[in-house]
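With mmCIF, C-alpha atoms and all ligand atoms inside, this is query.cif:
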data_query
loop_
_atom_site.label_atom_id
_atom_site.label_comp_id
_atom_site.auth_asym_id
_atom_site.auth_seq_id
_atom_site.Cartn_x
_atom_site.Cartn_y
_atom_site.Cartn_z
CA MET A 45 98.52 94.66 70.65
CA ASN A 46 101.81 94.09 72.42
CA ARG A 47 101.64 90.52 73.74
CA ALA A 48 104.14 91.15 76.50
CA LYS A 49 102.72 90.48 79.95
CA HIS A 50 99.21 89.75 78.66
CA ALA A 51 97.68 86.43 79.70
CA VAL A 52 94.59 84.25 79.95
CA GLY A 53 94.02 82.88 83.45
CA LEU A 54 92.50 79.61 84.63
CA LEU A 55 90.31 80.36 87.63
CA SER A 56 88.39 77.93 89.83
CA GLY A 57 87.75 80.49 92.57
CA GLY A 58 90.00 78.50 94.93
CA LEU A 59 93.07 79.71 96.82
CA ASP A 60 95.76 78.77 94.31
CA SER A 61 94.24 80.00 91.05
CA SER A 62 92.77 83.16 92.59
CA VAL A 63 95.96 84.22 94.35
CA SER A 64 98.02 83.31 91.28
CA LEU A 65 96.06 85.78 89.18
CA ALA A 66 96.25 88.47 91.86
CA LEU A 67 100.02 87.96 92.22
CA ALA A 68 100.47 88.06 88.45
CA GLN A 69 98.66 91.39 88.34
CA ALA A 70 100.90 92.65 91.15
CA GLN A 71 103.87 91.60 89.00
CA GLY A 72 102.61 93.73 86.11
CA TRP A 73 100.59 91.19 84.12
CA THR A 74 97.31 92.13 82.44
CA ILE A 75 94.83 89.26 82.55
CA ASP A 76 92.63 89.66 79.48
CA LEU A 77 90.33 86.77 80.33
CA ALA A 78 89.67 84.42 83.27
CA LEU A 79 88.13 81.03 82.47
CA THR A 80 86.15 78.87 84.88
CA PHE A 81 85.04 75.39 83.81
CA ASP A 82 82.03 73.21 84.54
CA TYR A 83 83.13 69.63 83.88
CA GLY A 84 80.35 68.07 85.92
CA GLN A 85 82.23 68.43 89.21
CA ARG A 86 80.33 68.60 92.49
CA ALA A 87 81.65 72.13 93.06
CA ALA A 88 80.70 73.44 89.59
CA ARG A 89 77.99 75.83 90.79
CA ALA A 90 80.12 77.27 93.60
CA GLU A 91 83.22 77.55 91.41
CA LYS A 92 81.28 79.48 88.78
CA GLU A 93 79.89 81.86 91.41
CA HIS A 94 83.17 82.40 93.25
CA GLY A 95 85.27 82.46 90.10
CA CYS A 96 83.04 85.27 88.85
CA ARG A 97 83.35 87.11 92.17
CA VAL A 98 87.14 86.84 92.17
CA ALA A 99 87.40 87.94 88.54
CA THR A 100 85.10 90.90 89.20
CA ALA A 101 87.11 91.93 92.27
CA LEU A 102 90.34 91.77 90.24
CA GLY A 103 88.80 93.59 87.26
CA ILE A 104 89.27 90.64 84.89
CA PRO A 105 86.79 89.75 82.10
CA PHE A 106 85.23 86.40 83.01
CA ARG A 107 83.92 83.47 80.99
CA HIS A 108 82.40 80.23 82.16
CA LEU A 109 82.71 77.20 79.90
CA ARG A 110 80.78 73.91 80.11
CA LEU A 111 82.64 70.76 79.10
CA GLU A 112 79.73 68.36 79.01
CA TRP A 113 81.75 65.49 77.55
CA PHE A 114 83.59 64.95 80.86
CA SER A 115 80.39 63.15 81.89
CA TRP A 116 81.29 60.40 79.38
CA PHE A 117 84.25 59.40 81.54
CA ARG A 118 83.81 56.14 83.37
CA THR A 119 86.44 57.42 85.82
CA GLY A 120 86.50 60.75 87.60
CA GLY A 121 85.84 59.32 91.01
CA ALA A 122 84.32 61.25 93.84
CA LEU A 123 84.82 64.61 92.17
CA LEU A 124 82.35 63.76 89.41
CA SER A 125 80.19 61.10 91.01
CA GLN A 126 77.85 61.90 93.88
CA SER A 127 77.69 58.21 94.73
CA ASP A 128 81.42 58.00 95.56
CA ALA A 129 82.50 59.32 98.97
CA LEU A 130 84.98 62.18 99.05
CA PRO A 131 88.07 61.47 101.18
CA ARG A 132 87.96 63.44 104.43
CA PRO A 133 91.49 63.44 105.82
CA LEU A 134 92.59 64.70 109.19
CA ILE A 135 95.19 67.46 109.10
CA THR A 136 97.70 64.95 110.43
CA GLN A 137 97.10 62.72 107.38
CA LEU A 138 97.96 65.43 104.84
CA ASP A 139 101.66 64.65 105.08
CA ASP A 140 101.12 60.89 104.96
CA ALA A 141 102.26 59.99 101.42
CA ALA A 142 100.51 56.61 101.40
CA PHE A 143 97.21 58.20 102.44
CA THR A 144 97.38 61.14 100.02
CA THR A 145 98.42 58.92 97.10
CA GLU A 146 95.25 56.90 97.62
CA SER A 147 93.04 59.94 98.22
CA ALA A 148 94.36 61.59 95.03
CA LYS A 149 93.27 58.54 93.02
CA LYS A 150 89.73 58.99 94.34
CA VAL A 151 89.41 62.50 92.89
CA TRP A 152 91.52 62.05 89.74
CA VAL A 153 89.90 63.29 86.51
CA PRO A 154 91.92 62.17 83.46
CA ASN A 155 93.78 65.01 81.72
CA ARG A 156 91.58 67.66 83.29
CA ASN A 157 94.30 70.30 83.77
CA GLY A 158 95.79 69.44 80.38
CA THR A 159 92.41 70.01 78.72
CA PHE A 160 91.91 73.35 80.47
CA ILE A 161 95.38 74.57 79.54
CA GLU A 162 95.02 73.57 75.89
CA ILE A 163 91.70 75.44 75.63
CA ALA A 164 93.16 78.51 77.34
CA ALA A 165 96.28 78.44 75.15
CA GLY A 166 94.20 78.65 71.98
CA LEU A 167 92.25 81.57 73.38
CA ALA A 168 95.50 83.20 74.52
CA GLU A 169 96.92 83.14 71.00
CA ASP A 170 93.63 84.41 69.59
CA LEU A 171 93.53 87.29 72.09
CA GLY A 172 97.17 88.21 71.49
CA CYS A 173 98.42 87.01 74.89
CA GLU A 174 101.84 85.47 75.53
CA ALA A 175 100.87 83.20 78.42
CA VAL A 176 98.35 81.13 80.29
CA ILE A 177 98.45 81.61 84.07
CA VAL A 178 97.54 78.69 86.33
CA GLY A 179 97.45 78.15 90.09
CA PHE A 180 99.80 75.23 90.63
CA ASN A 181 101.43 74.58 94.00
CA ARG A 182 104.26 72.48 95.36
CA GLU A 183 102.11 70.86 98.06
CA GLU A 184 99.66 69.13 95.72
CA ALA A 185 102.25 68.48 93.01
CA ALA A 186 103.43 65.64 95.24
CA THR A 187 100.31 63.64 94.38
CA PHE A 188 99.02 65.40 91.25
CA PRO A 189 101.69 65.42 88.52
CA ASP A 190 99.58 67.81 86.46
CA ASN A 191 100.12 70.39 89.22
CA SER A 192 103.91 70.34 89.00
CA LYS A 193 106.66 72.60 87.73
CA ALA A 194 107.86 69.81 85.44
CA TYR A 195 104.42 69.76 83.79
CA LEU A 196 104.43 73.56 83.37
CA GLU A 197 107.71 73.31 81.52
CA ALA A 198 106.67 70.28 79.47
CA ILE A 199 103.35 71.68 78.31
CA SER A 200 104.99 75.03 77.49
CA GLN A 201 107.37 73.08 75.27
CA ALA A 202 104.46 71.25 73.62
CA LEU A 203 102.64 74.54 72.98
CA ARG A 204 105.59 75.70 70.89
CA PHE A 205 104.28 73.20 68.31
CA SER A 206 100.56 73.91 68.60
CA THR A 207 100.53 77.72 68.85
CA ASN A 208 102.21 80.04 66.36
CA GLU A 209 103.28 82.44 69.10
CA ALA A 210 104.68 79.83 71.52
CA VAL A 211 102.17 80.55 74.25
CA ARG A 212 103.73 79.48 77.57
CA VAL A 213 102.19 78.42 80.85
CA ILE A 214 103.28 80.13 84.07
CA SER A 215 102.25 80.00 87.70
CA PRO A 216 103.36 82.52 90.34
CA THR A 217 102.57 79.96 93.07
CA VAL A 218 104.23 76.85 91.63
CA ASP A 219 107.10 76.83 94.15
CA MET A 220 104.87 77.54 97.16
CA ASN A 221 102.96 75.35 99.58
CA LYS A 222 99.49 76.45 100.72
CA SER A 223 100.79 78.29 103.80
CA GLU A 224 103.14 80.31 101.63
CA ILE A 225 100.29 81.10 99.24
CA VAL A 226 98.15 82.30 102.17
CA ALA A 227 101.06 84.48 103.34
CA GLU A 228 101.39 85.98 99.87
CA ALA A 229 97.62 86.55 99.71
CA LYS A 230 97.78 88.44 103.00
CA ARG A 231 100.70 90.50 101.78
CA ILE A 232 98.62 91.78 98.85
CA ASP A 233 95.38 92.05 100.91
CA PHE A 234 93.53 89.39 98.95
CA PRO A 235 89.91 89.04 100.25
CA PHE A 236 89.67 85.44 101.55
CA ASN A 237 85.87 85.56 101.77
CA LEU A 238 85.69 85.43 97.95
CA LEU A 239 87.33 81.99 97.76
CA TRP A 240 85.83 78.57 97.13
CA SER A 241 88.30 75.71 97.60
CA CYS A 242 85.78 73.01 98.56
CA TYR A 243 85.06 69.92 96.44
CA GLU A 244 81.32 70.42 97.14
CA SER A 245 78.82 73.18 96.33
CA ALA A 246 77.03 74.67 99.35
CA ALA A 247 76.51 77.96 101.18
CA GLN A 248 79.82 77.50 103.02
CA MET A 249 82.85 75.29 102.33
CA CYS A 250 82.44 71.92 104.05
CA GLY A 251 85.68 72.10 106.02
CA ARG A 252 86.20 68.32 105.75
CA CYS A 253 87.20 67.38 102.19
CA GLU A 254 90.91 67.27 101.41
CA SER A 255 90.92 70.60 99.62
CA CYS A 256 89.17 72.30 102.57
CA THR A 257 91.48 70.59 105.05
CA ARG A 258 94.57 71.84 103.20
CA LEU A 259 93.16 75.38 103.16
CA LYS A 260 92.24 75.19 106.87
CA ARG A 261 95.73 74.03 107.77
CA ALA A 262 97.27 76.91 105.81
CA LEU A 263 94.87 79.49 107.27
CA SER A 264 95.25 78.18 110.81
CA GLN A 265 98.94 79.02 110.69
CA SER A 266 97.85 82.64 110.45
CA SER A 267 96.16 83.50 113.72
CA GLU A 268 93.85 86.31 112.67
CA THR A 269 92.02 84.35 109.93
CA PRO A 270 88.38 83.69 111.02
CA LEU A 271 87.95 80.03 110.03
CA ASP A 272 84.36 79.69 111.22
CA SER A 273 83.11 82.33 108.77
CA LEU A 274 84.48 80.30 105.84
CA PHE A 275 83.68 76.68 106.75
CA GLN A 276 80.64 74.72 107.93
CA ASP A 277 82.99 72.68 110.08
CA ALA A 278 85.77 75.00 111.24
CA ALA A 279 87.23 72.57 113.81
CA LEU A 280 90.88 71.72 113.26
ZN ZN B 301 85.25 70.91 101.36
#

As C-alpha cells, how would this structure be written, given the file I've shared?
Amino acid sequence: MNRAKHAVGLLSGGLDSSVSLALAQAQGWTIDLALTFDYGQRAARAEKEHGCRVATALGIPFRHLRLEWFSWFRTGGALLSQSDALPRPLITQLDDAAFTTESAKKVWVPNRNGTFIEIAAGLAEDLGCEAVIVGFNREEAATFPDNSKAYLEAISQALRFSTNEAVRVISPTVDMNKSEIVAEAKRIDFPFNLLWSCYESAAQMCGRCESCTRLKRALSQSSETPLDSLFQDAAL
C-alpha cells in the first residue's frame, strides 16, 4: 500500500478531534482507523458512543480501546475521580490565565495524550500509514502543553526513533482556536449534533464544565447554532 496520505486518527467525539479528521479527509487524507479510548474518564461512555457515530458518519473504521491501568494513577483529578468537582468556569473566566492554569491542573491526566499517540503510531506503522492525526488547538495549548504545536513537532521527532517509517503526528486544527474550528466545521457542513465535548457522560452535554463552556462560547459566535439542543444548560 502507498503510505502517502494514509493515517490513523485519535477521536474522542469532541469538536477538535472530530473536525480534525473531517478536515483531513477534505484535504485528501484517507483515515484507515479511528481510535477512541476509555481510560476511566467520566465521559468514557459518551465518548465511545459519539466517537463511533462520528467515525460512522465519516466512513472511518472505528476501534474502542480500554486502558484500565489509568485507574492505578493516584492523580487524574476530576476527570477520573467522581469525588472531585469539575471546574465550572464562566465564559468570562476562559481568558483568565490564572484561573485556567488552576482549572487545567484539576483535570490533568499524566501523559494521557502521549500514551494515545504512541499507541496510534504503532498501529499506523502496522497499517502502512504515514501519520497519526490528532485534534489539537491553539486555545487549550495555552494550559495543556500536550495540546501544542511544539509537542506535535517534538513527538514526531521522537517517533523517528521508535517507528521504522518515521510516522509523524499532524493536526489540521493546531493553529486554530475553538471559534475558528467551528467556522471550519460549518464550511464543510460537519453535523454538530454528533459531537460530545463534555467531561461528563449524560443524555446531553452539561453546558457547565470547561470543555462545554469553551464549545458554547465558540458556537455562540455563530448565530444560527441551536445551543439548547446540545446542552442541558444552554445559558451563556
Ligand atoms: Zn460539560

Which of these, A:Ala164, A:Leu102, A:Leu203, A:Met249, has the shortest distance to A:Asp272 once you count all atoms listed in the file?
A:Met249

Give me, as a ChimeraX atom specification, the set of residues whose atoms come within 7 Å of any atom of ligand ZN 301 (chain B), counting only C-alpha atoms and all ligand atoms.
/A:241-244,249-256

If we count only C-alpha atoms and set the cut-off at 9 Å, which residues sit around A:Glu209, ignoring sequence neighbours fewer than 4 positions away in its own chain? Please answer as a ChimeraX atom specification.
/A:169,172-174,203-204

For A:Phe114, please output as a ChimeraX atom specification all residues within 7 Å (counting all atoms listed in the file; exclusion window: fewer than 3 positions along the same chain).
/A:83-84,111,117

Got time to write the residues from that selection, C-alpha atoms, as a PDB file, in the coordinates of the input?
ATOM      1  CA  TYR A  83      83.130  69.630  83.880  1.00  0.00           C
ATOM      2  CA  GLY A  84      80.350  68.070  85.920  1.00  0.00           C
ATOM      3  CA  LEU A 111      82.640  70.760  79.100  1.00  0.00           C
ATOM      4  CA  PHE A 117      84.250  59.400  81.540  1.00  0.00           C
TER       5      PHE A 117
END

Taking 3 positions as the minimum chain separation for residues in the same chain, which residues sit within 9 Å of A:Lys49 when counting all atoms listed in the file? Answer as a short mmCIF file (atom, residue, chain, number, x, y, z; two decimals) with C-alpha atoms, keeping the file's coordinate frame.
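Output (around.cif):
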data_model
loop_
_atom_site.label_atom_id
_atom_site.label_comp_id
_atom_site.auth_asym_id
_atom_site.auth_seq_id
_atom_site.Cartn_x
_atom_site.Cartn_y
_atom_site.Cartn_z
CA ASN A 46 101.81 94.09 72.42
CA GLY A 72 102.61 93.73 86.11
CA TRP A 73 100.59 91.19 84.12
CA THR A 74 97.31 92.13 82.44
CA ILE A 75 94.83 89.26 82.55
CA CYS A 173 98.42 87.01 74.89
CA GLU A 174 101.84 85.47 75.53
CA ALA A 175 100.87 83.20 78.42
#

Pull the neighbourhood of (98.3, 75.1, 81.5) for me: all residues within 9 Å in file coordinates, counting only C-alpha atoms, as a PyMOL selection string.
chain A and resi 54+157-165+176-178+190+195-196+199-200+212-215

Distance in Å - atom CA of A:Leu167 versus atom CA of A:Ala90
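Computing it gives 24.0 Å between the two atoms.
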
Give me the residues near A:Asp219 as a PyMOL selection string, where near means some atom within 12 Å (using all atoms listed in the file) and where sequence neighbours in that chain fewer than 2 positions away do not count.
chain A and resi 60+64+179-186+191-194+196+214-217+221-225

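Separating atom CA of A:Leu109 from atom CA of A:Phe81 is a distance of 4.9 Å.
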
What would the file be for stretch 68-85 of chain A if you keep N, CA, C and O atoms and write it as a PDB file, in the first residue's frame?
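Saved the output as out17.pdb:
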ATOM      1  N   ALA A  68      -9.077  16.672   7.557  1.00  0.00           N
ATOM      2  CA  ALA A  68      -8.026  15.874   6.917  1.00  0.00           C
ATOM      3  C   ALA A  68      -8.584  15.148   5.698  1.00  0.00           C
ATOM      4  O   ALA A  68      -7.957  15.121   4.632  1.00  0.00           O
ATOM      5  N   GLN A  69      -9.774  14.586   5.849  1.00  0.00           N
ATOM      6  CA  GLN A  69     -10.394  13.923   4.689  1.00  0.00           C
ATOM      7  C   GLN A  69     -10.610  14.919   3.551  1.00  0.00           C
ATOM      8  O   GLN A  69     -10.352  14.611   2.387  1.00  0.00           O
ATOM      9  N   ALA A  70     -11.070  16.120   3.915  1.00  0.00           N
ATOM     10  CA  ALA A  70     -11.295  17.150   2.883  1.00  0.00           C
ATOM     11  C   ALA A  70      -9.994  17.557   2.199  1.00  0.00           C
ATOM     12  O   ALA A  70      -9.997  18.032   1.062  1.00  0.00           O
ATOM     13  N   GLN A  71      -8.872  17.351   2.908  1.00  0.00           N
ATOM     14  CA  GLN A  71      -7.554  17.672   2.336  1.00  0.00           C
ATOM     15  C   GLN A  71      -6.937  16.472   1.611  1.00  0.00           C
ATOM     16  O   GLN A  71      -5.769  16.499   1.239  1.00  0.00           O
ATOM     17  N   GLY A  72      -7.732  15.400   1.468  1.00  0.00           N
ATOM     18  CA  GLY A  72      -7.261  14.267   0.667  1.00  0.00           C
ATOM     19  C   GLY A  72      -6.687  13.101   1.455  1.00  0.00           C
ATOM     20  O   GLY A  72      -6.183  12.142   0.871  1.00  0.00           O
ATOM     21  N   TRP A  73      -6.777  13.164   2.798  1.00  0.00           N
ATOM     22  CA  TRP A  73      -6.274  12.055   3.607  1.00  0.00           C
ATOM     23  C   TRP A  73      -7.309  10.927   3.658  1.00  0.00           C
ATOM     24  O   TRP A  73      -8.513  11.169   3.706  1.00  0.00           O
ATOM     25  N   THR A  74      -6.806   9.702   3.700  1.00  0.00           N
ATOM     26  CA  THR A  74      -7.630   8.529   3.992  1.00  0.00           C
ATOM     27  C   THR A  74      -7.342   8.129   5.435  1.00  0.00           C
ATOM     28  O   THR A  74      -6.182   7.902   5.796  1.00  0.00           O
ATOM     29  N   ILE A  75      -8.386   8.071   6.253  1.00  0.00           N
ATOM     30  CA  ILE A  75      -8.208   7.659   7.647  1.00  0.00           C
ATOM     31  C   ILE A  75      -8.548   6.167   7.714  1.00  0.00           C
ATOM     32  O   ILE A  75      -9.710   5.781   7.542  1.00  0.00           O
ATOM     33  N   ASP A  76      -7.543   5.353   7.944  1.00  0.00           N
ATOM     34  CA  ASP A  76      -7.744   3.901   7.915  1.00  0.00           C
ATOM     35  C   ASP A  76      -8.298   3.370   9.223  1.00  0.00           C
ATOM     36  O   ASP A  76      -8.811   2.246   9.260  1.00  0.00           O
ATOM     37  N   LEU A  77      -8.182   4.148  10.278  1.00  0.00           N
ATOM     38  CA  LEU A  77      -8.683   3.701  11.581  1.00  0.00           C
ATOM     39  C   LEU A  77      -8.840   4.914  12.493  1.00  0.00           C
ATOM     40  O   LEU A  77      -7.964   5.771  12.538  1.00  0.00           O
ATOM     41  N   ALA A  78      -9.976   4.975  13.201  1.00  0.00           N
ATOM     42  CA  ALA A  78     -10.155   5.970  14.266  1.00  0.00           C
ATOM     43  C   ALA A  78     -10.180   5.241  15.598  1.00  0.00           C
ATOM     44  O   ALA A  78     -10.853   4.209  15.738  1.00  0.00           O
ATOM     45  N   LEU A  79      -9.443   5.767  16.572  1.00  0.00           N
ATOM     46  CA  LEU A  79      -9.325   5.139  17.893  1.00  0.00           C
ATOM     47  C   LEU A  79      -9.944   6.029  18.967  1.00  0.00           C
ATOM     48  O   LEU A  79      -9.613   7.217  19.053  1.00  0.00           O
ATOM     49  N   THR A  80     -10.822   5.441  19.755  1.00  0.00           N
ATOM     50  CA  THR A  80     -11.369   6.141  20.922  1.00  0.00           C
ATOM     51  C   THR A  80     -10.961   5.349  22.166  1.00  0.00           C
ATOM     52  O   THR A  80     -10.986   4.120  22.148  1.00  0.00           O
ATOM     53  N   PHE A  81     -10.565   6.059  23.228  1.00  0.00           N
ATOM     54  CA  PHE A  81     -10.040   5.399  24.419  1.00  0.00           C
ATOM     55  C   PHE A  81     -10.976   5.539  25.623  1.00  0.00           C
ATOM     56  O   PHE A  81     -11.603   6.581  25.818  1.00  0.00           O
ATOM     57  N   ASP A  82     -11.022   4.461  26.403  1.00  0.00           N
ATOM     58  CA  ASP A  82     -11.634   4.503  27.734  1.00  0.00           C
ATOM     59  C   ASP A  82     -10.494   4.390  28.732  1.00  0.00           C
ATOM     60  O   ASP A  82      -9.860   3.335  28.841  1.00  0.00           O
ATOM     61  N   TYR A  83     -10.186   5.519  29.411  1.00  0.00           N
ATOM     62  CA  TYR A  83      -9.122   5.492  30.416  1.00  0.00           C
ATOM     63  C   TYR A  83      -9.711   5.767  31.801  1.00  0.00           C
ATOM     64  O   TYR A  83      -9.023   6.247  32.695  1.00  0.00           O
ATOM     65  N   GLY A  84     -10.992   5.411  31.928  1.00  0.00           N
ATOM     66  CA  GLY A  84     -11.667   5.584  33.210  1.00  0.00           C
ATOM     67  C   GLY A  84     -12.227   6.974  33.396  1.00  0.00           C
ATOM     68  O   GLY A  84     -12.644   7.337  34.505  1.00  0.00           O
ATOM     69  N   GLN A  85     -12.267   7.761  32.306  1.00  0.00           N
ATOM     70  CA  GLN A  85     -12.772   9.135  32.424  1.00  0.00           C
ATOM     71  C   GLN A  85     -14.301   9.153  32.585  1.00  0.00           C
ATOM     72  O   GLN A  85     -14.990   8.250  32.131  1.00  0.00           O
TER      73      GLN A  85
END
